[in-house]
Every structure is written in C-alpha cells, then in structure tokens.
Amino acid sequence: MTHPHWIGGTMALCLALAGAAHAAPYPVPDTGQTACYGATKKIRCPAEGQAFAGQDAQVRGRQMSYTDNRDGTVTDTVTGLIWMKSPDLNGDGKIRANDKLSYKKGVSFAHNASLAGHDDWRLPTIKELYSLMNFSGIDPSGVKTTNSNRLSPFLDKSVFDFAYGDVKSGERIIDAQMASSDLFVGRTNPNARAGTLFGVNFADGRIKGYGLKLHGRDKTFYVMLVRGRTGHGKNAISDNGNGTVTDASTGLMWTKGDSGKPLSWQEALAWAEQANAQNYLGHSDWRLPNVKELQILVDYKRSPSTSGSAAISPIFNATPIQNEAGQKDYGAYWSSTTHANISRKPGIAAAYVNFGRAMGYMGGHWVDVHGGAQRSDPKVGSAADYLKGHVPQGDAIRVRDFAHLVRDAG
C-alpha cells in the first residue's frame with residue numbers, strides 16, 4: 001500500500017499531499033521537520049511497515065512560506081497573516097530584556113501601534129503565534145552555555161529577527177517566551193494567582209502557560225504583533241456519523257475516538273499503519289498528526305477544571321484518566337513530530353499536546369503548571385523514573401500517551 005503524502009523510505013519519493021487540505025480556508029502550515037528519528041537519534045527515513053514509519057518528516061504538508069515586505073513586516077503566504085518582523089521594540093538593533101513587555105503593556109502597545117502605516121495590529125492568538133513554529137529547531141534546555149551562536153531556534157531566522165534570553169540581564173538562554181492574547185481559563189499553580197497567559201517559546205519549542213506575576217513583578221514577554229484576517233484556528237467541526245470528524249476550517253478529517261489506551265510513540269505510529277491496512281473507518285490514508293495539526297484542535301475556552309471536559313470540541317471522544325494528583329483528567333496526545341534536543345540522544349523525545357491538565361511537581365505537590373501545553377515526552381523508558389517529574393518545573397513524564405489519527409478530507 002503506497003500513501004500519496006509520504007516522503008522518504010527506500011525510494012525517497014517527494015510527493016505532495018492531496019489538494020483538500022490545501023483548498024481549506026485556513027490551512028495548517030507544515031512543521032518544517034525534515035529529518036527522521038528513531039527512539040533516540042536520527043535514522044534513514046523508514047519504508048512502510050518498518051519501525052517508526054509515518055512520522056512527521058515523511059509527510060509533506062503545506063510548506064511554510066514567507067515574504068519579507070521590506071517595511072518591518074513579513075507576510076505568511078500560507079495563513080495570509082502579516083507579522084512584525086522583529087521583537088526589537090525600542091529600535092536599537094538589538095533584542096534584549098528591555099524590549100519585553102508585560103501582558104497589559106503588550107495589549108496597549110498593539111492598540112497604539114502604527115507600523116508600516118497600519119493601525120490594526122493585535123497580539124496574536126496562541127494558534128496564530130504557533131503557526132510560525134518551525135521544528136527544524138533544537139531544544140537547548142539543560143545546556144550550560146551563554147553563547148547562542150550555535151543554537152537553532154524554532155523560528156525561521158532567515159525571515160524573522162530572533163534572540164534567545166538576555167543572559168547579560170540575568171535571564172536563562174531559553175527565556176524567549178513570546179506573548180499571545182490567550183489567557184488560560186483555569187488556574188495553574190498557586191504562584192499564578194494573577195492569571196496565566198499562553199505563550200510560545202521559540203527557543204525551546206513549546207507552548208506553556210506563564211503566570212502574569214513572577215516574584216511579585218509583572219512577567220514580561222517578547223512581542224510580535226500580527227494583523228490581517230482573523231479566524232485562523234477557529235475550528236468548524238462536524239460529526240460525520242461514521243466514527244470520523246471533519247474540521248472544514250483546516251480540511252482535516254479526524255478519528256472521533258482516540259486510541260482508548262496510552263501508547264508509546266512507536267506504537268502510536270504503528271497504530272496508524274495498522275488502521276490503513278484494515279481500511280479503518282473506510283479510509284486507508286490515516287496518519288499520526290504532526291504537532292501543528294494537533295495543536296489546532298485545542299479549544300482554549302475549555303479545561304477540566306472549568307468545563308469538566310478535555311480542551312477539545314465535545315464532538316470528540318476523549319478517554320478520561322486519573323492524573324498524578326489523583327484528579328479525573330484527560331491525557332496528553334502524541335504528535336508524529338520529534339522534539340529534537342542538544343544531547344547524546346537528540347531524538348529521544350516527541351512533541352505532545354495536552355487536552356487535559358499539564359501537570360508538574362512543584363513545592364512538593366502535583367499541580368497544573370501550564371494548562372493546555374505543548375511539551376514533549378520520552379519515546380522510551382519508564383514513567384517510574386520520573387516520580388517527581390522532570391526539571392526545571394517538574395513536568396510530568398508519562399512516556400505513554402494517547403493518540404488521534406488524521407487524514408486529508410475530500
């Protein structure tokens with residue numbers, strides 16, 4: 001069986017996706033990941049039937065594409081959104097901590113901005129901001145360095161201006177959090193009583209929820225404003241009545257139910273292959289979604305603590321779990337995207353999206369530290385090795401997560 005969207009394998013075919021997703025009103029840009037990974041390191045892209053087949057790099061989506069407008073703005077030709085090219089807000093040619101703004105000041109800055117002669121700038125939604133994420137980046141977390149010259153961010157530096165954290169001002173190298181306009185509807189850890197803002201970190205390749213106050217002061221963020229048509233990430237989901245769900249906004253069809261049990265990353269990829277061999281729900285071109293396809297499904301107006309549900313349309317069936325704090329919760333979901341890192345095992349983690357709480361061990365307790373985050377889990381190992389989470393914020397490590405399958409509708 002040969003799937004038309006596959007790239008790689010023994011013949012290294014480069015064939016485009018079917019046209020349905022491309023014709024959607026709000027297509028999802030590809031992740032930019034081109035390397036294949038096994039359990040811990042890069043591998044030759046596997047053929048169908050081989051271990052780790054069907055991963056992100058083997059599926060050619062709508063490739064990211066940008067136009068530099070030469071006026072301090074960049075147009076994303078996939079989403080149609082127009083972006084500020086640089087978070088250098090004071091115009092001194094350097095991106096530093098003094099360019100960062102609190103959430104409230106970011107809202108005010110957007111309201112008063114007139115870059116390139118336009119006055120309709122806004123803080124981007126978390127889905128708009130995440131559309132820029134480029135998974136050719138390498139996570140530098142844990143590396144003790146103040147030199148970022150050899151690091152690779154999760155943003156296209158050939159188009160956008162970027163800087164890591166301002167280490168000369170006491171920041172960590174990964175302190176490059178970018179503000180969105182989306183506040184978490186629930187409450188995260190007790191230190192975030194002032195509220196929690198979703199942000200994208202183009203330094204370490206994650207979405208997390210950040211408390212608006214940090215050590216009694218307003219937390220500050222890099223800011224890149226956006227303008228243009230609204231609606232990116234606003235799902236138009238319908239139940240097809242046959243076990244599948246279609247999002248007309250993105251042109252993607254999903255399995256209504258999830259895997260029903262947690263899987264390893266390799267098992268999740270294999271589930272997609274098995275589904276295709278069985279013509280599951282009448283289709284033989286299912287795949288494990290890449291992380292940007294998966295994130296576009298998150299409903300940021302829902303959460304287990306406020307709506308009593310997973311942060312996804314209630315049309316979907318989400319398998320409940322008991323989380324590390326003993327609460328009824330909903331799991332994290334695997335993507336096909338490896339979350340590469342700087343280590344001797346650069347491919348050991350894959351990106352996931354939380355549709356339930358993003359648990360972390362802090363202050364001797366398990367709490368929701370990030371709301372509906374995009375983080376990563378090891379592809380191999382045991383959750384028993386992480387009984388107090390993974391530093392620096394005690395992120396819960398489960399190793400085995402849930403999965404939905406996706407295909408191009410049409």
# chains A, B, ... in the order shown; residues from 1 in each chain; ligands from 1

call {"tool": "residues_around", "arguments": {"residues": "region 332-335 of chain A", "least_positions_apart": "3", "cutoff": "7 Å", "atoms": "only C-alpha atoms", "output": "count of residues only"}}
result
15

call {"tool": "closest_atom_pairs", "arguments": {"of": "region 282-324 of chain A", "to": "region 220-239 of chain A", "cutoff": "12 Å", "atoms": "only C-alpha atoms", "output": "JSON lines"}}
result
{"residue": "A:Lys292", "atom": "CA", "partner": "A:Gly233", "partner_atom": "CA", "distance": 10.5}
{"residue": "A:Glu293", "atom": "CA", "partner": "A:Gly233", "partner_atom": "CA", "distance": 10.0}
{"residue": "A:Leu294", "atom": "CA", "partner": "A:Gly233", "partner_atom": "CA", "distance": 11.0}
{"residue": "A:Gln295", "atom": "CA", "partner": "A:Gly233", "partner_atom": "CA", "distance": 9.0}
{"residue": "A:Ile296", "atom": "CA", "partner": "A:Gly233", "partner_atom": "CA", "distance": 5.6}
{"residue": "A:Leu297", "atom": "CA", "partner": "A:Asn235", "partner_atom": "CA", "distance": 7.1}
{"residue": "A:Val298", "atom": "CA", "partner": "A:Gly233", "partner_atom": "CA", "distance": 8.8}
{"residue": "A:Asp299", "atom": "CA", "partner": "A:Asn235", "partner_atom": "CA", "distance": 8.6}
{"residue": "A:Tyr300", "atom": "CA", "partner": "A:Lys234", "partner_atom": "CA", "distance": 10.4}
{"residue": "A:Lys301", "atom": "CA", "partner": "A:Lys234", "partner_atom": "CA", "distance": 11.4}
{"residue": "A:Ile312", "atom": "CA", "partner": "A:Asn235", "partner_atom": "CA", "distance": 10.1}
{"residue": "A:Ser313", "atom": "CA", "partner": "A:Ile237", "partner_atom": "CA", "distance": 7.7}
{"residue": "A:Pro314", "atom": "CA", "partner": "A:Ile237", "partner_atom": "CA", "distance": 10.0}
{"residue": "A:Ile315", "atom": "CA", "partner": "A:Asp239", "partner_atom": "CA", "distance": 6.7}
{"residue": "A:Phe316", "atom": "CA", "partner": "A:Asp239", "partner_atom": "CA", "distance": 8.5}
{"residue": "A:Asn317", "atom": "CA", "partner": "A:Asp239", "partner_atom": "CA", "distance": 11.2}

call {"tool": "residues_around", "arguments": {"residues": "Thr31 (chain A)", "least_positions_apart": "4", "cutoff": "12 Å", "atoms": "only C-alpha atoms", "output": "PyMOL selection string"}}
result
chain A and resi 35+55-65+130-137+154-156+205+289-295+335-339+351

call {"tool": "atom_distance", "arguments": {"atom1": "CA of Tyr361 (chain A)", "atom2": "CA of Asp395 (chain A)"}}
result
6.5 Å

call {"tool": "select_by_dssp", "arguments": {"residues": "region 86-275 of chain A", "states": "strand (DSSP E or B)", "output": "MDAnalysis selection string"}}
result
chainID A and resid 101 122 139 177:183 196:201 206:211 213:214 217:218 221:222 226:227 237:239 244:247 252:255 263

call {"tool": "residues_around", "arguments": {"residues": "Ile174 (chain A)", "least_positions_apart": "2", "cutoff": "8 Å", "atoms": "only C-alpha atoms", "output": "PyMOL selection string"}}
result
chain A and resi 140-141+164-165+172+176-177+201+203-204

call {"tool": "residues_around", "arguments": {"residues": "Pro87 (chain A)", "least_positions_apart": "3", "cutoff": "10 Å", "atoms": "only C-alpha atoms", "output": "ChimeraX atom specification"}}
result
/A:84,90-91,94-96,99-100,160-163,178,221-225

call {"tool": "write_last_selection", "arguments": {"atoms": "C-alpha atoms", "output": "PDB file, in the first residue's frame"}}
result
ATOM      1  CA  MET A  84       6.089  42.265  12.755  1.00  0.00           C
ATOM      2  CA  ASN A  90      12.968  50.086  21.079  1.00  0.00           C
ATOM      3  CA  GLY A  91      14.661  50.068  17.671  1.00  0.00           C
ATOM      4  CA  LYS A  94      19.368  44.508  19.486  1.00  0.00           C
ATOM      5  CA  ILE A  95      16.747  42.212  21.015  1.00  0.00           C
ATOM      6  CA  ARG A  96      17.163  42.277  24.763  1.00  0.00           C
ATOM      7  CA  ASP A  99      12.312  45.034  24.656  1.00  0.00           C
ATOM      8  CA  LYS A 100       9.968  42.777  26.605  1.00  0.00           C
ATOM      9  CA  PHE A 160      12.255  36.891  11.309  1.00  0.00           C
ATOM     10  CA  ASP A 161      14.579  38.541  13.797  1.00  0.00           C
ATOM     11  CA  PHE A 162      15.112  36.394  16.879  1.00  0.00           C
ATOM     12  CA  ALA A 163      17.057  36.378  20.117  1.00  0.00           C
ATOM     13  CA  MET A 178       6.526  35.249  23.174  1.00  0.00           C
ATOM     14  CA  PHE A 221       7.496  38.659  27.161  1.00  0.00           C
ATOM     15  CA  TYR A 222       8.863  39.284  23.719  1.00  0.00           C
ATOM     16  CA  VAL A 223       6.108  40.614  21.464  1.00  0.00           C
ATOM     17  CA  MET A 224       5.489  40.211  17.739  1.00  0.00           C
ATOM     18  CA  LEU A 225       2.220  41.753  16.637  1.00  0.00           C
TER      19      LEU A 225
END

call {"tool": "closest_residue", "arguments": {"among": "A:Thr75, A:Asn149, A:Thr246, A:Thr188", "to": "Ala373 (chain A)", "atoms": "only C-alpha atoms"}}
result
A:Thr188

call {"tool": "atom_distance", "arguments": {"atom1": "CA of Ile126 (chain A)", "atom2": "CA of Ser180 (chain A)"}}
result
5.2 Å

call {"tool": "atom_distance", "arguments": {"atom1": "CA of Asp182 (chain A)", "atom2": "CA of Thr196 (chain A)"}}
result
8.8 Å

call {"tool": "closest_residue", "arguments": {"among": "A:Leu269, A:Ala318, A:Ala179, A:Ile397", "to": "Ala358 (chain A)", "atoms": "only C-alpha atoms"}}
result
A:Ile397

call {"tool": "residues_around", "arguments": {"residues": "Tyr280 (chain A)", "least_positions_apart": "2", "cutoff": "12 Å", "atoms": "only C-alpha atoms", "output": "PyMOL selection string"}}
result
chain A and resi 242-244+254-255+271-278+282-287+405-407

call {"tool": "write_last_selection", "arguments": {"atoms": "N, CA, C and O atoms", "output": "PDB file, in the first residue's frame"}}
result
ATOM      1  N   ASN A 242     -19.964   8.519  11.281  1.00  0.00           N
ATOM      2  CA  ASN A 242     -19.372   7.218  10.942  1.00  0.00           C
ATOM      3  C   ASN A 242     -18.059   6.973  11.678  1.00  0.00           C
ATOM      4  O   ASN A 242     -17.222   6.196  11.238  1.00  0.00           O
ATOM      5  N   GLY A 243     -17.908   7.646  12.819  1.00  0.00           N
ATOM      6  CA  GLY A 243     -16.674   7.491  13.580  1.00  0.00           C
ATOM      7  C   GLY A 243     -15.603   8.485  13.209  1.00  0.00           C
ATOM      8  O   GLY A 243     -14.497   8.437  13.764  1.00  0.00           O
ATOM      9  N   THR A 244     -15.914   9.384  12.263  1.00  0.00           N
ATOM     10  CA  THR A 244     -14.949  10.411  11.867  1.00  0.00           C
ATOM     11  C   THR A 244     -15.527  11.803  12.111  1.00  0.00           C
ATOM     12  O   THR A 244     -16.745  11.985  12.182  1.00  0.00           O
ATOM     13  N   TRP A 254     -10.615  13.651  11.199  1.00  0.00           N
ATOM     14  CA  TRP A 254     -10.046  13.020  12.384  1.00  0.00           C
ATOM     15  C   TRP A 254     -10.856  11.792  12.785  1.00  0.00           C
ATOM     16  O   TRP A 254     -12.043  11.696  12.502  1.00  0.00           O
ATOM     17  N   THR A 255     -10.205  10.886  13.490  1.00  0.00           N
ATOM     18  CA  THR A 255     -10.959   9.837  14.179  1.00  0.00           C
ATOM     19  C   THR A 255     -11.679  10.481  15.355  1.00  0.00           C
ATOM     20  O   THR A 255     -11.091  11.263  16.105  1.00  0.00           O
ATOM     21  N   TRP A 271       0.007   2.235  15.064  1.00  0.00           N
ATOM     22  CA  TRP A 271      -1.460   2.189  15.048  1.00  0.00           C
ATOM     23  C   TRP A 271      -1.994   2.783  13.750  1.00  0.00           C
ATOM     24  O   TRP A 271      -2.944   2.259  13.160  1.00  0.00           O
ATOM     25  N   ALA A 272      -1.394   3.857  13.284  1.00  0.00           N
ATOM     26  CA  ALA A 272      -1.814   4.461  12.019  1.00  0.00           C
ATOM     27  C   ALA A 272      -1.597   3.493  10.857  1.00  0.00           C
ATOM     28  O   ALA A 272      -2.468   3.346   9.983  1.00  0.00           O
ATOM     29  N   GLU A 273      -0.462   2.813  10.847  1.00  0.00           N
ATOM     30  CA  GLU A 273      -0.190   1.839   9.784  1.00  0.00           C
ATOM     31  C   GLU A 273      -1.187   0.684   9.826  1.00  0.00           C
ATOM     32  O   GLU A 273      -1.685   0.235   8.795  1.00  0.00           O
ATOM     33  N   GLN A 274      -1.478   0.217  11.037  1.00  0.00           N
ATOM     34  CA  GLN A 274      -2.443  -0.864  11.192  1.00  0.00           C
ATOM     35  C   GLN A 274      -3.825  -0.426  10.719  1.00  0.00           C
ATOM     36  O   GLN A 274      -4.546  -1.183  10.049  1.00  0.00           O
ATOM     37  N   ALA A 275      -4.209   0.803  11.059  1.00  0.00           N
ATOM     38  CA  ALA A 275      -5.506   1.323  10.633  1.00  0.00           C
ATOM     39  C   ALA A 275      -5.617   1.351   9.114  1.00  0.00           C
ATOM     40  O   ALA A 275      -6.668   1.015   8.548  1.00  0.00           O
ATOM     41  N   ASN A 276      -4.552   1.720   8.452  1.00  0.00           N
ATOM     42  CA  ASN A 276      -4.577   1.774   6.993  1.00  0.00           C
ATOM     43  C   ASN A 276      -4.665   0.388   6.377  1.00  0.00           C
ATOM     44  O   ASN A 276      -5.364   0.172   5.384  1.00  0.00           O
ATOM     45  N   ALA A 277      -3.990  -0.569   6.985  1.00  0.00           N
ATOM     46  CA  ALA A 277      -4.055  -1.945   6.479  1.00  0.00           C
ATOM     47  C   ALA A 277      -5.459  -2.519   6.605  1.00  0.00           C
ATOM     48  O   ALA A 277      -5.880  -3.359   5.807  1.00  0.00           O
ATOM     49  N   GLN A 278      -6.214  -2.014   7.596  1.00  0.00           N
ATOM     50  CA  GLN A 278      -7.576  -2.508   7.838  1.00  0.00           C
ATOM     51  C   GLN A 278      -8.647  -1.626   7.200  1.00  0.00           C
ATOM     52  O   GLN A 278      -9.831  -1.864   7.400  1.00  0.00           O
ATOM     53  N   GLY A 282     -13.246   3.178   6.785  1.00  0.00           N
ATOM     54  CA  GLY A 282     -13.435   3.380   5.348  1.00  0.00           C
ATOM     55  C   GLY A 282     -12.315   4.116   4.649  1.00  0.00           C
ATOM     56  O   GLY A 282     -12.473   4.513   3.485  1.00  0.00           O
ATOM     57  N   HIS A 283     -11.171   4.289   5.320  1.00  0.00           N
ATOM     58  CA  HIS A 283     -10.059   5.024   4.718  1.00  0.00           C
ATOM     59  C   HIS A 283      -8.740   4.295   4.974  1.00  0.00           C
ATOM     60  O   HIS A 283      -8.574   3.633   6.003  1.00  0.00           O
ATOM     61  N   SER A 284      -7.811   4.453   4.051  1.00  0.00           N
ATOM     62  CA  SER A 284      -6.513   3.790   4.186  1.00  0.00           C
ATOM     63  C   SER A 284      -5.362   4.785   4.082  1.00  0.00           C
ATOM     64  O   SER A 284      -4.252   4.424   3.687  1.00  0.00           O
ATOM     65  N   ASP A 285      -5.628   6.054   4.434  1.00  0.00           N
ATOM     66  CA  ASP A 285      -4.569   7.061   4.389  1.00  0.00           C
ATOM     67  C   ASP A 285      -4.491   7.856   5.692  1.00  0.00           C
ATOM     68  O   ASP A 285      -4.223   9.053   5.707  1.00  0.00           O
ATOM     69  N   TRP A 286      -4.723   7.168   6.801  1.00  0.00           N
ATOM     70  CA  TRP A 286      -4.598   7.798   8.112  1.00  0.00           C
ATOM     71  C   TRP A 286      -3.131   8.023   8.449  1.00  0.00           C
ATOM     72  O   TRP A 286      -2.248   7.322   7.974  1.00  0.00           O
ATOM     73  N   ARG A 287      -2.888   8.999   9.310  1.00  0.00           N
ATOM     74  CA  ARG A 287      -1.542   9.225   9.814  1.00  0.00           C
ATOM     75  C   ARG A 287      -1.635   9.784  11.237  1.00  0.00           C
ATOM     76  O   ARG A 287      -2.680  10.313  11.646  1.00  0.00           O
ATOM     77  N   LEU A 405      -5.999   9.890  15.083  1.00  0.00           N
ATOM     78  CA  LEU A 405      -5.472   9.802  13.723  1.00  0.00           C
ATOM     79  C   LEU A 405      -6.124  10.875  12.869  1.00  0.00           C
ATOM     80  O   LEU A 405      -7.246  11.323  13.144  1.00  0.00           O
ATOM     81  N   VAL A 406      -5.425  11.274  11.822  1.00  0.00           N
ATOM     82  CA  VAL A 406      -5.907  12.331  10.940  1.00  0.00           C
ATOM     83  C   VAL A 406      -5.647  11.951   9.491  1.00  0.00           C
ATOM     84  O   VAL A 406      -4.770  11.135   9.197  1.00  0.00           O
ATOM     85  N   ARG A 407      -6.408  12.506   8.607  1.00  0.00           N
ATOM     86  CA  ARG A 407      -6.198  12.384   7.163  1.00  0.00           C
ATOM     87  C   ARG A 407      -6.692  13.665   6.507  1.00  0.00           C
ATOM     88  O   ARG A 407      -7.357  14.480   7.155  1.00  0.00           O
TER      89      ARG A 407
END
